[in-house]
$ cat upload-v5.cif   # mmCIF, C-alpha atoms
data_my_file
loop_
_atom_site.label_atom_id
_atom_site.label_comp_id
_atom_site.auth_asym_id
_atom_site.auth_seq_id
_atom_site.Cartn_x
_atom_site.Cartn_y
_atom_site.Cartn_z
CA MET L 1 13.91 9.61 -16.18
CA ILE L 2 14.07 5.88 -15.49
CA TYR L 3 16.41 4.44 -12.90
CA LYS L 4 17.75 1.06 -13.98
CA ILE L 5 17.86 -1.66 -11.37
CA PHE L 6 21.05 -2.97 -9.88
CA TYR L 7 20.89 -5.63 -7.21
CA VAL L 8 23.12 -7.06 -4.50
CA LEU L 9 21.41 -9.88 -2.62
CA ALA L 10 22.80 -12.37 -0.18
CA ALA L 11 19.71 -14.46 0.48
CA VAL L 12 16.94 -16.02 -1.52
CA VAL L 13 13.38 -15.94 -0.23
CA THR L 14 10.00 -16.82 -1.65
CA LEU L 15 6.63 -15.17 -1.17
CA THR L 16 4.84 -18.21 0.19
CA VAL L 17 6.90 -21.03 1.64
CA ALA L 18 4.22 -23.68 1.24
CA GLN L 19 3.39 -22.84 -2.34
CA ASN L 20 4.84 -25.28 -4.87
CA ALA L 21 4.38 -22.99 -7.87
CA SER L 22 6.61 -19.92 -7.97
CA ILE L 23 5.60 -16.46 -9.19
CA CYS L 24 8.64 -16.73 -11.46
CA ASP L 25 7.43 -19.89 -13.23
CA GLU L 26 6.44 -17.96 -16.37
CA GLU L 27 9.36 -15.54 -16.33
CA GLU L 28 12.83 -15.66 -17.83
CA LEU L 29 15.88 -15.97 -15.60
CA ASN L 30 16.88 -12.60 -14.08
CA ALA L 31 13.53 -11.01 -15.03
CA PHE L 32 12.17 -8.34 -12.69
CA ILE L 33 8.54 -8.42 -11.55
CA PRO L 34 6.56 -6.09 -9.26
CA ASN L 35 5.99 -6.62 -5.56
CA VAL L 36 2.22 -6.18 -5.23
CA ARG L 37 2.54 -5.25 -1.56
CA ASP L 38 5.03 -2.45 -2.09
CA CYS L 39 5.11 0.10 -4.93
CA ASN L 40 8.81 0.64 -4.28
CA GLY L 41 9.63 -3.07 -4.29
CA TRP L 42 10.38 -5.71 -6.92
CA PHE L 43 11.43 -9.35 -7.23
CA ARG L 44 14.22 -10.68 -9.40
CA CYS L 45 13.67 -14.20 -10.72
CA GLY L 46 16.88 -15.96 -9.79
CA GLN L 47 17.90 -19.60 -10.17
CA HIS L 48 16.26 -20.48 -6.84
CA GLY L 49 13.13 -18.38 -7.14
CA PRO L 50 12.09 -14.75 -6.50
CA GLU L 51 14.65 -12.53 -4.76
CA PRO L 52 13.34 -9.26 -3.20
CA GLY L 53 14.70 -5.78 -3.69
CA ASN L 54 13.72 -2.13 -3.68
CA CYS L 55 14.11 0.91 -5.91
CA PRO L 56 15.89 3.97 -4.51
CA THR L 57 13.69 5.86 -2.05
CA GLU L 58 12.44 8.51 -4.49
CA PHE L 59 11.41 5.96 -7.15
CA ASN L 60 8.77 3.24 -7.55
CA PHE L 61 8.88 0.08 -9.64
CA ASN L 62 7.15 0.44 -13.02
CA PRO L 63 5.37 -2.86 -13.90
CA ILE L 64 5.14 -1.85 -17.59
CA THR L 65 8.78 -1.00 -18.25
CA ARG L 66 9.96 -3.20 -15.35
CA GLN L 67 12.37 -0.53 -14.18
CA CYS L 68 12.47 2.02 -11.38
CA ASP L 69 10.64 5.19 -12.40
CA TRP L 70 9.16 8.41 -11.02
CA PRO L 71 6.00 7.77 -8.92
CA GLN L 72 3.86 10.03 -11.14
CA ASN L 73 4.48 7.69 -14.09
CA ILE L 74 3.17 4.62 -12.28
CA GLN L 75 -0.19 3.33 -11.14
CA CYS L 76 0.55 1.07 -8.19
CA PHE L 77 -1.73 -1.82 -7.28
CA SER L 78 -3.75 -1.48 -4.11
CA CYS L 79 -6.44 -3.69 -2.64
CA PRO L 80 -9.99 -2.26 -2.88
CA SER L 81 -10.76 -0.35 0.31
CA ASN L 82 -14.44 -1.29 0.23
CA GLU L 83 -13.93 -5.07 -0.01
CA THR L 84 -12.65 -7.42 2.67
CA MET L 85 -11.68 -10.01 0.06
CA SER L 86 -11.09 -9.92 -3.70
CA THR L 87 -9.03 -11.49 -6.49
CA HIS L 88 -7.43 -9.81 -9.51
CA ILE L 89 -5.76 -10.91 -12.74
CA MET L 90 -1.99 -10.47 -12.76
CA ASP L 91 -0.73 -8.75 -15.89
CA ARG L 92 0.85 -10.82 -18.67
CA SER L 93 -0.03 -14.19 -17.16
CA CYS L 94 -2.66 -16.94 -17.36
CA ARG L 95 -1.65 -18.51 -14.05
CA SER L 96 -0.67 -15.64 -11.78
CA PHE L 97 -3.17 -13.64 -9.75
CA ILE L 98 -3.48 -11.35 -6.73
CA ARG L 99 -5.60 -12.21 -3.70
CA CYS L 100 -6.55 -9.44 -1.28
CA VAL L 101 -7.59 -10.45 2.23
CA ALA L 102 -8.44 -7.71 4.73
CA GLY L 103 -6.51 -5.17 2.64
CA VAL L 104 -3.33 -7.27 2.35
CA ALA L 105 -2.27 -8.35 -1.16
CA SER L 106 -0.57 -11.65 -2.00
CA GLN L 107 0.66 -12.65 -5.45
CA LEU L 108 -0.08 -16.32 -6.15
CA MET L 109 0.46 -18.76 -9.00
CA CYS L 110 -1.82 -21.61 -10.07
CA GLU L 111 -0.16 -25.00 -10.17
CA PRO L 112 1.13 -26.28 -13.56
CA GLY L 113 -1.72 -27.41 -15.79
CA LEU L 114 -4.21 -24.93 -14.27
CA GLN L 115 -5.07 -21.31 -15.09
CA PHE L 116 -6.66 -18.48 -13.16
CA ASN L 117 -10.39 -18.10 -13.79
CA ASN L 118 -11.28 -14.43 -13.33
CA LYS L 119 -15.02 -15.21 -13.22
CA THR L 120 -14.75 -17.48 -10.20
CA GLY L 121 -11.56 -16.06 -8.66
CA GLN L 122 -9.95 -19.51 -8.51
CA CYS L 123 -7.54 -21.79 -10.33
CA ASP L 124 -9.38 -23.88 -12.90
CA LEU L 125 -8.88 -26.27 -15.83
CA LYS L 126 -7.34 -24.75 -18.98
CA SER L 127 -10.26 -25.93 -21.08
CA VAL L 128 -12.64 -23.87 -18.95
CA VAL L 129 -10.58 -20.69 -18.65
CA ASP L 130 -9.46 -20.30 -22.28
CA CYS L 131 -6.88 -17.65 -21.47
CA THR L 132 -6.34 -16.78 -25.14
CA VAL L 133 -9.63 -14.83 -25.27
CA ARG L 134 -8.23 -12.01 -23.16
CA PHE L 135 -7.94 -8.52 -24.55
CA GLN L 136 -5.05 -8.04 -26.96
CA CYS L 137 -3.35 -4.77 -27.84
CA PRO L 138 -3.64 -3.54 -31.46
CA ALA L 139 -1.10 -5.01 -33.86
CA ARG L 140 0.22 -1.54 -34.70
CA LEU L 141 1.27 0.66 -31.79
CA PRO L 142 2.99 4.08 -31.82
CA ILE L 143 6.61 3.63 -32.87
CA ASP L 144 7.75 6.30 -30.40
CA GLY L 145 6.82 4.06 -27.46
CA SER L 146 3.87 6.18 -26.37
CA VAL L 147 1.48 4.62 -23.88
CA ILE L 148 -2.11 4.20 -25.05
CA ALA L 149 -5.09 3.20 -22.92
CA ILE L 150 -8.01 1.30 -24.45
CA ARG L 151 -11.35 0.67 -22.78
CA ASP L 152 -12.36 -2.97 -22.43
CA PRO L 153 -15.16 -3.89 -24.88
CA TYR L 154 -17.04 -5.87 -22.20
CA ASN L 155 -16.59 -3.79 -19.06
CA CYS L 156 -16.86 0.01 -18.88
CA SER L 157 -14.82 0.14 -15.67
CA VAL L 158 -11.84 -1.77 -17.11
CA TYR L 159 -9.15 -0.48 -19.44
CA HIS L 160 -5.93 -1.86 -20.90
CA ILE L 161 -2.56 -0.15 -21.21
CA CYS L 162 -0.58 -0.90 -24.38
CA VAL L 163 3.02 0.19 -24.77
CA GLY L 164 5.17 -1.39 -27.48
CA ASP L 165 4.06 -4.89 -26.48
CA PRO L 166 1.19 -7.08 -27.72
CA GLU L 167 0.43 -8.07 -24.11
CA PRO L 168 -1.87 -5.52 -22.41
CA VAL L 169 -1.71 -4.33 -18.82
CA ARG L 170 -5.18 -4.54 -17.29
CA ARG L 171 -6.37 -1.75 -14.98
CA GLU L 172 -9.68 -1.22 -13.18
CA CYS L 173 -11.53 1.94 -12.21
CA ASN L 174 -13.68 2.05 -9.12
CA GLU L 175 -16.73 -0.09 -9.95
CA GLU L 176 -18.94 3.02 -9.81
CA LEU L 177 -16.84 4.81 -12.44
CA HIS L 178 -16.26 4.30 -16.17
CA PHE L 179 -13.05 4.71 -18.14
CA ASP L 180 -13.09 7.63 -20.59
CA PRO L 181 -10.79 6.91 -23.58
CA ILE L 182 -10.74 10.61 -24.56
CA THR L 183 -9.29 11.90 -21.29
CA SER L 184 -7.73 8.52 -20.28
CA LEU L 185 -9.29 8.98 -16.85
CA CYS L 186 -11.84 7.17 -14.71
CA THR L 187 -14.94 9.35 -14.49
CA PHE L 188 -18.68 9.32 -13.77
CA PRO L 189 -20.70 7.19 -16.21
CA HIS L 190 -22.75 10.14 -17.50
CA LEU L 191 -19.55 11.93 -18.58
CA THR L 192 -18.52 9.25 -21.06
CA ASP L 193 -20.25 7.20 -23.74
CA CYS L 194 -19.59 3.59 -22.76
CA VAL L 195 -22.32 1.14 -23.73
CA ALA L 196 -20.42 -2.09 -23.12
CA ASN L 197 -22.02 -4.84 -21.10
CA PRO L 198 -20.31 -5.28 -17.72
CA GLU L 199 -18.77 -8.62 -16.86
CA HIS L 200 -20.85 -10.83 -14.62
CA PRO L 201 -19.46 -10.87 -11.06
CA PRO L 202 -18.27 -14.18 -9.61
CA PRO L 203 -21.10 -16.21 -8.06
CA GLN L 204 -21.53 -15.57 -4.36
CA ILE L 205 -21.36 -18.78 -2.36
CA PRO L 206 -23.11 -18.46 1.02
CA ASP L 207 -21.01 -18.59 4.14
CA GLU L 208 -21.26 -21.82 6.11
CA PRO L 209 -22.55 -21.23 9.64
CA GLY L 210 -20.48 -22.54 12.48
CA PHE L 211 -17.02 -22.17 10.93
CA GLN L 212 -14.80 -20.11 13.22
CA CYS L 213 -11.95 -18.02 11.84
CA MET L 214 -8.96 -18.29 14.15
CA THR L 215 -6.80 -16.23 11.77
CA ASP L 216 -7.34 -14.37 8.49
CA GLY L 217 -6.29 -16.30 5.40
CA VAL L 218 -7.19 -19.52 3.59
CA HIS L 219 -8.40 -22.59 5.50
CA PRO L 220 -9.57 -26.07 4.42
CA HIS L 221 -13.19 -27.15 4.88
CA PRO L 222 -13.38 -29.41 7.96
CA SER L 223 -15.54 -32.08 6.32
CA ASN L 224 -14.95 -32.16 2.54
CA CYS L 225 -12.07 -31.82 0.14
CA VAL L 226 -13.57 -29.58 -2.54
CA SER L 227 -14.45 -26.55 -0.41
CA TYR L 228 -12.42 -24.06 1.56
CA PHE L 229 -12.80 -20.85 3.54
CA ILE L 230 -11.11 -17.48 3.17
CA CYS L 231 -11.23 -15.53 6.42
CA ALA L 232 -11.11 -11.73 6.18
CA ASN L 233 -11.45 -9.51 9.24
CA GLY L 234 -12.51 -12.56 11.19
CA GLN L 235 -15.41 -13.43 8.89
CA PRO L 236 -15.49 -16.74 6.93
CA HIS L 237 -16.33 -16.85 3.20
CA GLN L 238 -16.87 -20.29 1.70
CA PHE L 239 -15.75 -21.28 -1.81
CA SER L 240 -15.82 -24.52 -3.81
CA CYS L 241 -13.26 -25.68 -6.37
CA ALA L 242 -14.28 -26.27 -9.98
CA PRO L 243 -15.45 -29.80 -10.91
CA GLY L 244 -12.51 -32.19 -11.01
CA LEU L 245 -10.40 -30.14 -8.58
CA GLU L 246 -9.90 -30.29 -4.82
CA PHE L 247 -8.48 -27.89 -2.27
CA ASN L 248 -4.75 -28.26 -1.66
CA GLU L 249 -3.87 -27.32 1.93
CA LEU L 250 -0.16 -26.99 1.09
CA THR L 251 -0.68 -24.34 -1.59
CA GLY L 252 -3.95 -22.82 -0.40
CA GLN L 253 -5.44 -23.26 -3.89
CA CYS L 254 -7.55 -25.63 -5.97
CA ASP L 255 -5.50 -28.40 -7.57
CA PHE L 256 -5.81 -31.76 -9.35
CA ALA L 257 -7.43 -34.43 -7.15
CA ASP L 258 -4.61 -36.94 -7.67
CA VAL L 259 -2.11 -34.33 -6.50
CA VAL L 260 -4.10 -33.38 -3.41
CA ASN L 261 -4.83 -36.99 -2.40
CA CYS L 262 -7.35 -35.85 0.21
CA LYS L 263 -7.74 -38.15 3.19
CA ARG L 264 -9.97 -36.03 5.39
CA ALA L 265 -11.81 -38.30 7.84
CA ASN L 266 -15.29 -36.95 7.08
CA PHE L 267 -14.63 -36.45 3.37
CA ARG L 268 -17.73 -36.39 1.17
CA ARG L 269 -17.39 -35.52 -2.50
CA ILE L 270 -20.02 -32.88 -3.32
CA GLY L 271 -22.48 -34.11 -5.91
CA SER L 272 -21.62 -37.77 -5.38
CA GLY L 273 -24.96 -38.53 -3.76
CA ALA L 274 -23.26 -39.92 -0.66
CA ASP L 275 -24.83 -39.26 2.72
#
$ encode --input "upload-v5.cif" --output "structure tokens"
Amino acid sequence: MIYKIFYVLAAVVTLTVAQNASICDEEELNAFIPNVRDCNGWFRCGQHGPEPGNCPTEFNFNPITRQCDWPQNIQCFSCPSNETMSTHIMDRSCRSFIRCVAGVASQLMCEPGLQFNNKTGQCDLKSVVDCTVRFQCPARLPIDGSVIAIRDPYNCSVYHICVGDPEPVRRECNEELHFDPITSLCTFPHLTDCVANPEHPPPQIPDEPGFQCMTDGVHPHPSNCVSYFICANGQPHQFSCAPGLEFNELTGQCDFADVVNCKRANFRRIGSGAD
């Protein structure tokens, strides 16, 4: 049984006030999208941006069918319990992604002209990301609408859900488990036959000593415009934007340099050779 969504809303709110790009930028008007912080919640893309709502108490929002459905039919997103900070691809999008900080998920959207780079966990130039190389569902799917799960050819712990749509829904097992296409379950590696090469993890950039986290979240680097810190559980983690991009304090993401227009007093462009 699927419970269709009806909405009555009096106010319009957005996920992140300072963010210029909206999570509805790639969606049609009145489309429904999941709320990554709440399995029961959803957003409707209205004329002024995302409008929040919830399914009836006994149902959760199904990101595949985009309707309210029984909880047993849905795999809700949750931040990894063993990581203080992580980023994840958002289904059906080249620009949208999820950032987890200290167990709290936020859905974000790269600014126009940029795409999410899953290898670095940041917004990057389109020419570098090449979003079109992502996994695609088979051209012929079951005509009865059955859901099929296909293991990723490059990562044994990743699988893709295909259901009457050429766009796949990416899912991840625990990194210590592999997806078994026979049982459609995540299981121990020795119980399945995966020989795919795992994806290389994003490069780890060392934390900069001396930076103090006043609050968890994203913070600009105090002395240059291309780096930033993400604080999780009070600990700073330093990142640098891709070449040609700078950190935008208003959006909390990497952006084009001419848009950021950084005027930090001690600004030094990394790699410029300046003292």
$ atom_distance --input "upload-v5.cif" --atom1 "atom CA of L:Cys173" --atom2 "atom CA of L:Phe43"
26.1 Å
$ atom_distance --input "upload-v5.cif" --atom1 "atom CA of L:Thr87" --atom2 "atom CA of L:Ser227"
17.1 Å
$ closest_residue --input "upload-v5.cif" --among "L:Cys241, L:Ala21, L:Ile150, L:Met90" --to "L:Val226" --atoms "all atoms listed in the file"
L:Cys241
$ residues_around --input "upload-v5.cif" --residues "L:Glu111" --least-positions-apart "4" --cutoff "12 Å" --atoms "only C-alpha atoms" --output "VMD selection string"
chain L and resid 19 to 23 25 to 26 94 to 97 115 to 116 122 to 126 245 247 to 248 250 to 256 259 to 260
$ write_last_selection --input "upload-v5.cif" --atoms "C-alpha atoms" --output "mmCIF file, in the frame of the given file"
data_model
loop_
_atom_site.group_PDB
_atom_site.id
_atom_site.type_symbol
_atom_site.label_atom_id
_atom_site.label_comp_id
_atom_site.auth_asym_id
_atom_site.auth_seq_id
_atom_site.Cartn_x
_atom_site.Cartn_y
_atom_site.Cartn_z
ATOM 1 C CA GLN L 19 3.390 -22.840 -2.340
ATOM 2 C CA ASN L 20 4.840 -25.280 -4.870
ATOM 3 C CA ALA L 21 4.380 -22.990 -7.870
ATOM 4 C CA SER L 22 6.610 -19.920 -7.970
ATOM 5 C CA ILE L 23 5.600 -16.460 -9.190
ATOM 6 C CA ASP L 25 7.430 -19.890 -13.230
ATOM 7 C CA GLU L 26 6.440 -17.960 -16.370
ATOM 8 C CA CYS L 94 -2.660 -16.940 -17.360
ATOM 9 C CA ARG L 95 -1.650 -18.510 -14.050
ATOM 10 C CA SER L 96 -0.670 -15.640 -11.780
ATOM 11 C CA PHE L 97 -3.170 -13.640 -9.750
ATOM 12 C CA GLN L 115 -5.070 -21.310 -15.090
ATOM 13 C CA PHE L 116 -6.660 -18.480 -13.160
ATOM 14 C CA GLN L 122 -9.950 -19.510 -8.510
ATOM 15 C CA CYS L 123 -7.540 -21.790 -10.330
ATOM 16 C CA ASP L 124 -9.380 -23.880 -12.900
ATOM 17 C CA LEU L 125 -8.880 -26.270 -15.830
ATOM 18 C CA LYS L 126 -7.340 -24.750 -18.980
ATOM 19 C CA LEU L 245 -10.400 -30.140 -8.580
ATOM 20 C CA PHE L 247 -8.480 -27.890 -2.270
ATOM 21 C CA ASN L 248 -4.750 -28.260 -1.660
ATOM 22 C CA LEU L 250 -0.160 -26.990 1.090
ATOM 23 C CA THR L 251 -0.680 -24.340 -1.590
ATOM 24 C CA GLY L 252 -3.950 -22.820 -0.400
ATOM 25 C CA GLN L 253 -5.440 -23.260 -3.890
ATOM 26 C CA CYS L 254 -7.550 -25.630 -5.970
ATOM 27 C CA ASP L 255 -5.500 -28.400 -7.570
ATOM 28 C CA PHE L 256 -5.810 -31.760 -9.350
ATOM 29 C CA VAL L 259 -2.110 -34.330 -6.500
ATOM 30 C CA VAL L 260 -4.100 -33.380 -3.410
#
$ residues_around --input "upload-v5.cif" --residues "L:Phe229" --least-positions-apart "3" --cutoff "6 Å" --atoms "all atoms listed in the file" --output "list in words"
Val218, His219, Pro236, His237 and Gln238 of chain L
$ closest_residue --input "upload-v5.cif" --among "L:Asp152, L:Ile182, L:Asn62, L:Glu27" --to "L:Gln47" --atoms "all atoms listed in the file"
L:Glu27
$ atom_distance --input "upload-v5.cif" --atom1 "atom CA of L:Asn40" --atom2 "atom CA of L:Ala149"
23.4 Å
$ resolve_selection --input "upload-v5.cif" --expression "the PyMOL selection byres ((chain L and resi 178) around 10)" --output "ChimeraX atom specification"
/L:151,155-159,172-177,179-181,185-194
$ residues_around --input "upload-v5.cif" --residues "L:Val147" --least-positions-apart "5" --cutoff "7 Å" --atoms "all atoms listed in the file" --output "list in words"
Ile161, Cys162 and Val163 of chain L
$ resolve_selection --input "upload-v5.cif" --expression "the PyMOL selection byres ((chain L and resi 213) around 9)" --output "JSON, numbers by chain"
{"L": [211, 212, 214, 215, 216, 217, 219, 229, 230, 231, 232, 233, 234, 235, 236]}
$ residues_around --input "upload-v5.cif" --residues "L:Val104" --least-positions-apart "4" --cutoff "9 Å" --atoms "only C-alpha atoms" --output "ChimeraX atom specification"
/L:37,78-79,99-100
$ residues_near_point --input "upload-v5.cif" --point "(10.2, -9.5, -15.3)" --cutoff "10 Å" --atoms "only C-alpha atoms" --output "JSON, numbers by chain"
{"L": [24, 26, 27, 28, 29, 30, 31, 32, 33, 34, 42, 43, 44, 45, 63, 64, 65, 66, 67]}
$ axis_aligned_box --input "upload-v5.cif" --around "stretch 61-77 of chain L" --padding-each-side "4 Å" --output "lines of an AutoDock Vina configuration file"
center_x = 5.4
center_y = 3.4
center_z = -12.8
size_x = 22.2
size_y = 21.2
size_z = 19.0
$ closest_residue --input "upload-v5.cif" --among "L:Phe239, L:Trp70, L:Tyr228, L:Phe77" --to "L:Thr57" --atoms "all atoms listed in the file"
L:Trp70
$ resolve_selection --input "upload-v5.cif" --expression "the PyMOL selection byres ((chain L and resi 169) around 6)" --output "PyMOL selection string"
chain L and resi 91+160-161+168+170
$ closest_residue --input "upload-v5.cif" --among "L:Asn261, L:Asn118, L:Ser240, L:Gln72" --to "L:His88" --atoms "all atoms listed in the file"
L:Asn118
